[in-house]
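These notes concern the structure reproduced below.
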Amino acid sequence: RLRDQKRDKIMLKIVEKREMEKELGKILAKQSFRFDSPQEETVKNIVRRVAAEGDRALLEYTEQFDRQSLSVADLTVPKKEIEAAYKKVDKNFQTALSKAIVNIVAYHKKQRPDEWFETLPHDVVLGQRLIPLEKVGVYVPGGRAAYPSSVLMGVIPAIVAGVKEIYVVTPPPVKPEVLVAAAEAGATGVFRLGGAQAIAALAFGTETIPKVDKIVGPGNAYVTLAKKLVFGQVGIDSLAGPSNVLIIADRDAEPEFMAADLLSQVEHDPDSFAVLVTDSAKVAEGTKKEVE
């Protein structure tokens, strides 16, 4: 199950069992991303420029990579644009969003550890005190699709932890679903900014973008490399690699579910792949039909 990168369309390729190992080898060979790749030098230059030039570099990179000509004022998404976004999303989305927020808040409240102190002989005091970070930046991917789920998964844990300021950065044009999710989750502000330049801006601060204590959220190879480079200057969540999935299905598997799992995976990136392995021709053909 691959993505046709030339046309940026979804395609499903069915191969017989004897060809499966060969086809899987071809797929894995395409996963050539390495942290010592030429991409890293590109990201280093971006990070250096943003740290040195601030907003000016952000605007140039936004025009170069996102093909969006913005002014400094455009970097900040105004309150009226967020309010207008509510009119662009349907009620079902807002209902699902509200339910998701309740569930995610409840989950992270259970994760939150308690402070404790204990006095031992000889006036020895042991304990744990939890102090929330002041500012956190949440990177939300954009471009190909809207990812309000990334907003919730980044903003809500910070809210529960007691972080005072939480800023969302996402590439322009910003999807209304992302703006509504940011508002409902409780983000302090949203910036029209993506790629390695967004990570650098959050790490070092610019005239417009505040310097934060930690950066979280998924992104492409350039975003991941930028997070690697600024780690130490700022905290990060993790270095996430390529996102892929392998599904092994028997003859009782539902083609609709298989297709949904495959499609939800490869929406992440043109280089992502999803593989369905099954000995059932019915499941294979049914899944292909659902995908198409």
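Order determines the names: the first chain of the structure tokens is A, the second B, and so forth; residues in each chain are numbered 1 upward, and ligands are numbered 1 upward as they are shown.
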Using only C-alpha atoms, I'd like a table of the residues in region 197-264 of chain A that come within 10 Å of region 151-161 of chain A; for each, show the closest atom pair and its distance in Å rounded to one decimal, ordered by chain and ascending number, as CSV.
```
residue,atom,partner,partner_atom,distance
A:Ile215,CA,A:Gly154,CA,9.3
A:Val216,CA,A:Gly154,CA,6.4
A:Gly217,CA,A:Gly154,CA,6.1
A:Pro218,CA,A:Gly154,CA,9.3
A:Asp237,CA,A:Gly154,CA,10.0
```
Need to verify the contact set: region 59-69 of chain A, 12 Å, only C-alpha atoms, exclusion of same-chain residues closer than 3 positions in sequence. Can you return it as a ChimeraX atom specification? /A:42-43,45-47,49-50,53-56,72-75,142-144,170-174,191-198,200-201,206,208,222
Can you tell me how far CA of Leu24 (chain A) sits from CA of Val266 (chain A), in Å to one decimal? 15.9 Å
Atomic separation - CA of Val245 (chain A) relative to CA of Lys289 (chain A), Å: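 We find that CA of Lys289 (chain A) and CA of Val245 (chain A) lie 19.5 Å from each other.
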Proximity to Asn244 (chain A) - best of A:Val105, A:Leu120, A:Ile27, A:Met20, only C-alpha atoms: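 Going through A:Val105, A:Leu120, A:Ile27, A:Met20 one by one, the smallest distance to Asn244 (chain A) is for A:Ile27.
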Would you list the contacts of region 79-90 of chain A as an NGL selection string, taking every protein, DNA or RNA residue within 12 Å and counting only C-alpha atoms, but skipping same-chain residues closer than 3 positions in sequence? :A and (74 or 76 or 93-97 or 146 or 148 or 174-184 or 187-192)
Residues within 10 Å of Ala240 (chain A), only C-alpha atoms, excluding chain neighbours under 2 positions, as a PDB file with all heavy atoms, in the first residue's frame:
```
ATOM      1  N   GLY A 217       5.228  18.270  19.721  1.00  0.00           N
ATOM      2  CA  GLY A 217       4.405  18.134  18.518  1.00  0.00           C
ATOM      3  C   GLY A 217       5.136  17.456  17.378  1.00  0.00           C
ATOM      4  O   GLY A 217       6.358  17.541  17.274  1.00  0.00           O
ATOM      5  N   PRO A 218       4.381  16.796  16.498  1.00  0.00           N
ATOM      6  CA  PRO A 218       4.967  16.054  15.374  1.00  0.00           C
ATOM      7  C   PRO A 218       5.301  16.971  14.205  1.00  0.00           C
ATOM      8  O   PRO A 218       4.822  18.096  14.117  1.00  0.00           O
ATOM      9  CB  PRO A 218       3.842  15.090  14.991  1.00  0.00           C
ATOM     10  CG  PRO A 218       2.594  15.868  15.300  1.00  0.00           C
ATOM     11  CD  PRO A 218       2.916  16.655  16.544  1.00  0.00           C
ATOM     12  N   GLY A 219       6.118  16.461  13.283  1.00  0.00           N
ATOM     13  CA  GLY A 219       6.460  17.228  12.092  1.00  0.00           C
ATOM     14  C   GLY A 219       7.241  16.374  11.116  1.00  0.00           C
ATOM     15  O   GLY A 219       7.535  15.208  11.377  1.00  0.00           O
ATOM     16  N   ASN A 220       7.609  16.959   9.987  1.00  0.00           N
ATOM     17  CA  ASN A 220       8.356  16.216   8.982  1.00  0.00           C
ATOM     18  C   ASN A 220       9.838  16.124   9.365  1.00  0.00           C
ATOM     19  O   ASN A 220      10.239  16.493  10.466  1.00  0.00           O
ATOM     20  CB  ASN A 220       8.176  16.859   7.599  1.00  0.00           C
ATOM     21  CG  ASN A 220       8.688  18.288   7.545  1.00  0.00           C
ATOM     22  OD1 ASN A 220       9.461  18.729   8.393  1.00  0.00           O
ATOM     23  ND2 ASN A 220       8.256  19.028   6.545  1.00  0.00           N
ATOM     24  N   ALA A 221      10.667  15.643   8.429  1.00  0.00           N
ATOM     25  CA  ALA A 221      12.080  15.448   8.716  1.00  0.00           C
ATOM     26  C   ALA A 221      12.767  16.751   9.100  1.00  0.00           C
ATOM     27  O   ALA A 221      13.634  16.779   9.990  1.00  0.00           O
ATOM     28  CB  ALA A 221      12.778  14.834   7.501  1.00  0.00           C
ATOM     29  N   VAL A 223      11.421  19.435  10.525  1.00  0.00           N
ATOM     30  CA  VAL A 223      10.983  19.817  11.871  1.00  0.00           C
ATOM     31  C   VAL A 223      11.717  18.975  12.909  1.00  0.00           C
ATOM     32  O   VAL A 223      12.199  19.482  13.933  1.00  0.00           O
ATOM     33  CB  VAL A 223       9.458  19.644  12.004  1.00  0.00           C
ATOM     34  CG1 VAL A 223       9.022  19.762  13.462  1.00  0.00           C
ATOM     35  CG2 VAL A 223       8.729  20.680  11.159  1.00  0.00           C
ATOM     36  N   THR A 224      11.819  17.684  12.665  1.00  0.00           N
ATOM     37  CA  THR A 224      12.493  16.784  13.602  1.00  0.00           C
ATOM     38  C   THR A 224      13.972  17.129  13.749  1.00  0.00           C
ATOM     39  O   THR A 224      14.519  17.158  14.857  1.00  0.00           O
ATOM     40  CB  THR A 224      12.336  15.325  13.139  1.00  0.00           C
ATOM     41  OG1 THR A 224      10.941  15.008  13.035  1.00  0.00           O
ATOM     42  CG2 THR A 224      12.993  14.362  14.113  1.00  0.00           C
ATOM     43  N   LEU A 225      14.629  17.405  12.628  1.00  0.00           N
ATOM     44  CA  LEU A 225      16.031  17.790  12.675  1.00  0.00           C
ATOM     45  C   LEU A 225      16.218  19.108  13.420  1.00  0.00           C
ATOM     46  O   LEU A 225      17.192  19.281  14.169  1.00  0.00           O
ATOM     47  CB  LEU A 225      16.590  17.900  11.261  1.00  0.00           C
ATOM     48  CG  LEU A 225      16.925  16.570  10.578  1.00  0.00           C
ATOM     49  CD1 LEU A 225      17.182  16.780   9.089  1.00  0.00           C
ATOM     50  CD2 LEU A 225      18.135  15.922  11.237  1.00  0.00           C
ATOM     51  N   LYS A 227      14.347  20.230  15.844  1.00  0.00           N
ATOM     52  CA  LYS A 227      14.188  19.934  17.268  1.00  0.00           C
ATOM     53  C   LYS A 227      15.464  19.315  17.835  1.00  0.00           C
ATOM     54  O   LYS A 227      15.875  19.615  18.956  1.00  0.00           O
ATOM     55  CB  LYS A 227      12.991  19.006  17.483  1.00  0.00           C
ATOM     56  CG  LYS A 227      11.651  19.698  17.278  1.00  0.00           C
ATOM     57  CD  LYS A 227      10.507  18.716  17.184  1.00  0.00           C
ATOM     58  CE  LYS A 227      10.154  18.111  18.503  1.00  0.00           C
ATOM     59  NZ  LYS A 227       8.956  17.233  18.402  1.00  0.00           N
ATOM     60  N   ASP A 237      10.003  17.159  23.205  1.00  0.00           N
ATOM     61  CA  ASP A 237       9.334  15.929  23.624  1.00  0.00           C
ATOM     62  C   ASP A 237      10.123  14.699  23.179  1.00  0.00           C
ATOM     63  O   ASP A 237      10.523  13.870  23.968  1.00  0.00           O
ATOM     64  CB  ASP A 237       7.892  15.880  23.117  1.00  0.00           C
ATOM     65  CG  ASP A 237       7.759  16.214  21.638  1.00  0.00           C
ATOM     66  OD1 ASP A 237       8.779  16.526  20.979  1.00  0.00           O
ATOM     67  OD2 ASP A 237       6.630  16.179  21.126  1.00  0.00           O
ATOM     68  N   SER A 238      10.372  14.555  21.866  1.00  0.00           N
ATOM     69  CA  SER A 238      11.099  13.405  21.337  1.00  0.00           C
ATOM     70  C   SER A 238      11.483  13.690  19.894  1.00  0.00           C
ATOM     71  O   SER A 238      11.045  14.676  19.299  1.00  0.00           O
ATOM     72  CB  SER A 238      10.240  12.145  21.401  1.00  0.00           C
ATOM     73  OG  SER A 238       9.134  12.255  20.509  1.00  0.00           O
ATOM     74  N   PRO A 242      10.020   8.369  10.819  1.00  0.00           N
ATOM     75  CA  PRO A 242       8.961   8.173   9.822  1.00  0.00           C
ATOM     76  C   PRO A 242       7.810   7.373  10.418  1.00  0.00           C
ATOM     77  O   PRO A 242       8.018   6.477  11.242  1.00  0.00           O
ATOM     78  CB  PRO A 242       9.658   7.384   8.704  1.00  0.00           C
ATOM     79  CG  PRO A 242      11.103   7.712   8.868  1.00  0.00           C
ATOM     80  CD  PRO A 242      11.316   7.866  10.344  1.00  0.00           C
ATOM     81  N   SER A 243       6.618   7.703  10.024  1.00  0.00           N
ATOM     82  CA  SER A 243       5.431   7.076  10.581  1.00  0.00           C
ATOM     83  C   SER A 243       4.858   6.071   9.580  1.00  0.00           C
ATOM     84  O   SER A 243       4.369   6.447   8.517  1.00  0.00           O
ATOM     85  CB  SER A 243       4.381   8.157  10.899  1.00  0.00           C
ATOM     86  OG  SER A 243       3.288   7.593  11.564  1.00  0.00           O
TER      87      SER A 243
END
```
Strand (DSSP E) call set, DSSP backbone run, region 43-119 of chain A, as a PyMOL selection string: chain A and resi 116-119
When you count only C-alpha atoms, which of these residues is closest to Gly162 (chain A): A:Gly137, A:Gly205, A:Gly186, A:Pro132?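 Looking only at the distances to Gly162 (chain A), the closest residue turns out to be A:Pro132.
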Mind pulling up the distance from CA of Gln128 (chain A) to CA of Val212 (chain A)? 24.1 Å
Alpha helix (DSSP H) residues, from DSSP on the backbone, in region 56-215 of chain A, as a ChimeraX atom specification: /A:56-66,79-85,91-111,148-161,176-185,195-204
Go ahead and save the residues from that selection, with C-alpha atoms, as a compact mmCIF listing (two decimals), in the first residue's frame.
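Just written: part12.txt:
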```txt
# COMPACT_ATOMS: atom_id res chain seq x y z
CA ARG A 56 12.87 38.87 8.80
CA ALA A 57 14.18 35.34 8.30
CA LEU A 58 10.77 33.88 9.21
CA LEU A 59 9.02 35.88 6.50
CA GLU A 60 11.57 34.91 3.87
CA TYR A 61 11.39 31.22 4.71
CA THR A 62 7.58 31.30 4.81
CA GLU A 63 7.54 32.71 1.29
CA GLN A 64 10.18 30.24 0.11
CA PHE A 65 8.76 27.05 1.61
CA ASP A 66 5.04 27.75 2.12
CA LYS A 79 -8.78 36.84 17.65
CA LYS A 80 -11.35 37.82 14.99
CA GLU A 81 -9.97 35.20 12.59
CA ILE A 82 -10.29 32.53 15.25
CA GLU A 83 -13.87 33.62 15.95
CA ALA A 84 -14.65 33.47 12.22
CA ALA A 85 -13.25 29.93 12.06
CA LYS A 91 -21.52 21.16 14.32
CA ASN A 92 -20.48 17.50 14.20
CA PHE A 93 -16.85 18.55 14.30
CA GLN A 94 -17.43 20.81 17.28
CA THR A 95 -19.32 18.05 19.09
CA ALA A 96 -16.54 15.54 18.48
CA LEU A 97 -13.94 18.12 19.53
CA SER A 98 -15.70 18.82 22.81
CA LYS A 99 -15.96 15.13 23.61
CA ALA A 100 -12.29 14.58 22.78
CA ILE A 101 -11.25 17.45 25.04
CA VAL A 102 -13.18 15.99 27.99
CA ASN A 103 -11.59 12.57 27.46
CA ILE A 104 -8.03 13.89 27.04
CA VAL A 105 -8.28 16.16 30.09
CA ALA A 106 -9.53 13.24 32.21
CA TYR A 107 -6.69 11.02 31.01
CA HIS A 108 -3.92 13.51 31.73
CA LYS A 109 -5.31 14.40 35.14
CA LYS A 110 -4.81 10.76 36.09
CA GLN A 111 -1.21 10.97 34.86
CA PRO A 148 -6.81 19.40 15.21
CA SER A 149 -5.91 16.22 17.09
CA SER A 150 -2.28 17.38 17.25
CA VAL A 151 -3.51 20.62 18.82
CA LEU A 152 -5.39 18.76 21.53
CA MET A 153 -2.59 16.28 22.24
CA GLY A 154 -0.06 19.10 22.60
CA VAL A 155 -2.04 21.83 24.34
CA ILE A 156 -4.17 19.88 26.81
CA PRO A 157 -1.35 18.12 28.71
CA ALA A 158 0.29 21.52 29.19
CA ILE A 159 -2.99 22.99 30.45
CA VAL A 160 -3.42 20.13 32.93
CA ALA A 161 0.19 20.51 34.08
CA PRO A 176 -10.22 26.62 10.57
CA GLU A 177 -10.37 23.26 12.38
CA VAL A 178 -6.94 23.94 13.86
CA LEU A 179 -7.97 27.41 15.02
CA VAL A 180 -11.14 26.14 16.67
CA ALA A 181 -9.24 23.32 18.35
CA ALA A 182 -6.62 25.75 19.65
CA ALA A 183 -9.28 28.05 21.07
CA GLU A 184 -11.27 25.24 22.67
CA ALA A 185 -8.18 23.56 24.13
CA GLY A 195 8.88 24.05 9.26
CA ALA A 196 12.34 24.23 10.83
CA GLN A 197 11.98 28.02 11.04
CA ALA A 198 9.06 27.67 13.45
CA ILE A 199 11.09 25.42 15.75
CA ALA A 200 14.00 27.87 15.67
CA ALA A 201 11.69 30.79 16.42
CA LEU A 202 10.26 29.06 19.49
CA ALA A 203 13.70 28.03 20.68
CA PHE A 204 15.40 31.43 20.41
```
Selection near Phe117 (chain A), 7 Å with only C-alpha atoms, sequence-local residues under 3 positions removed, as a list in words: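 The residues that qualify are Val125, Leu126, Gly127 and Gln128 of chain A.
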Nearest to Val230 (chain A): which of A:Ala51, A:Met258, A:Lys26, A:Pro38 is it, counting only C-alpha atoms?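 Smallest distance to Val230 (chain A) is found for A:Ala51.
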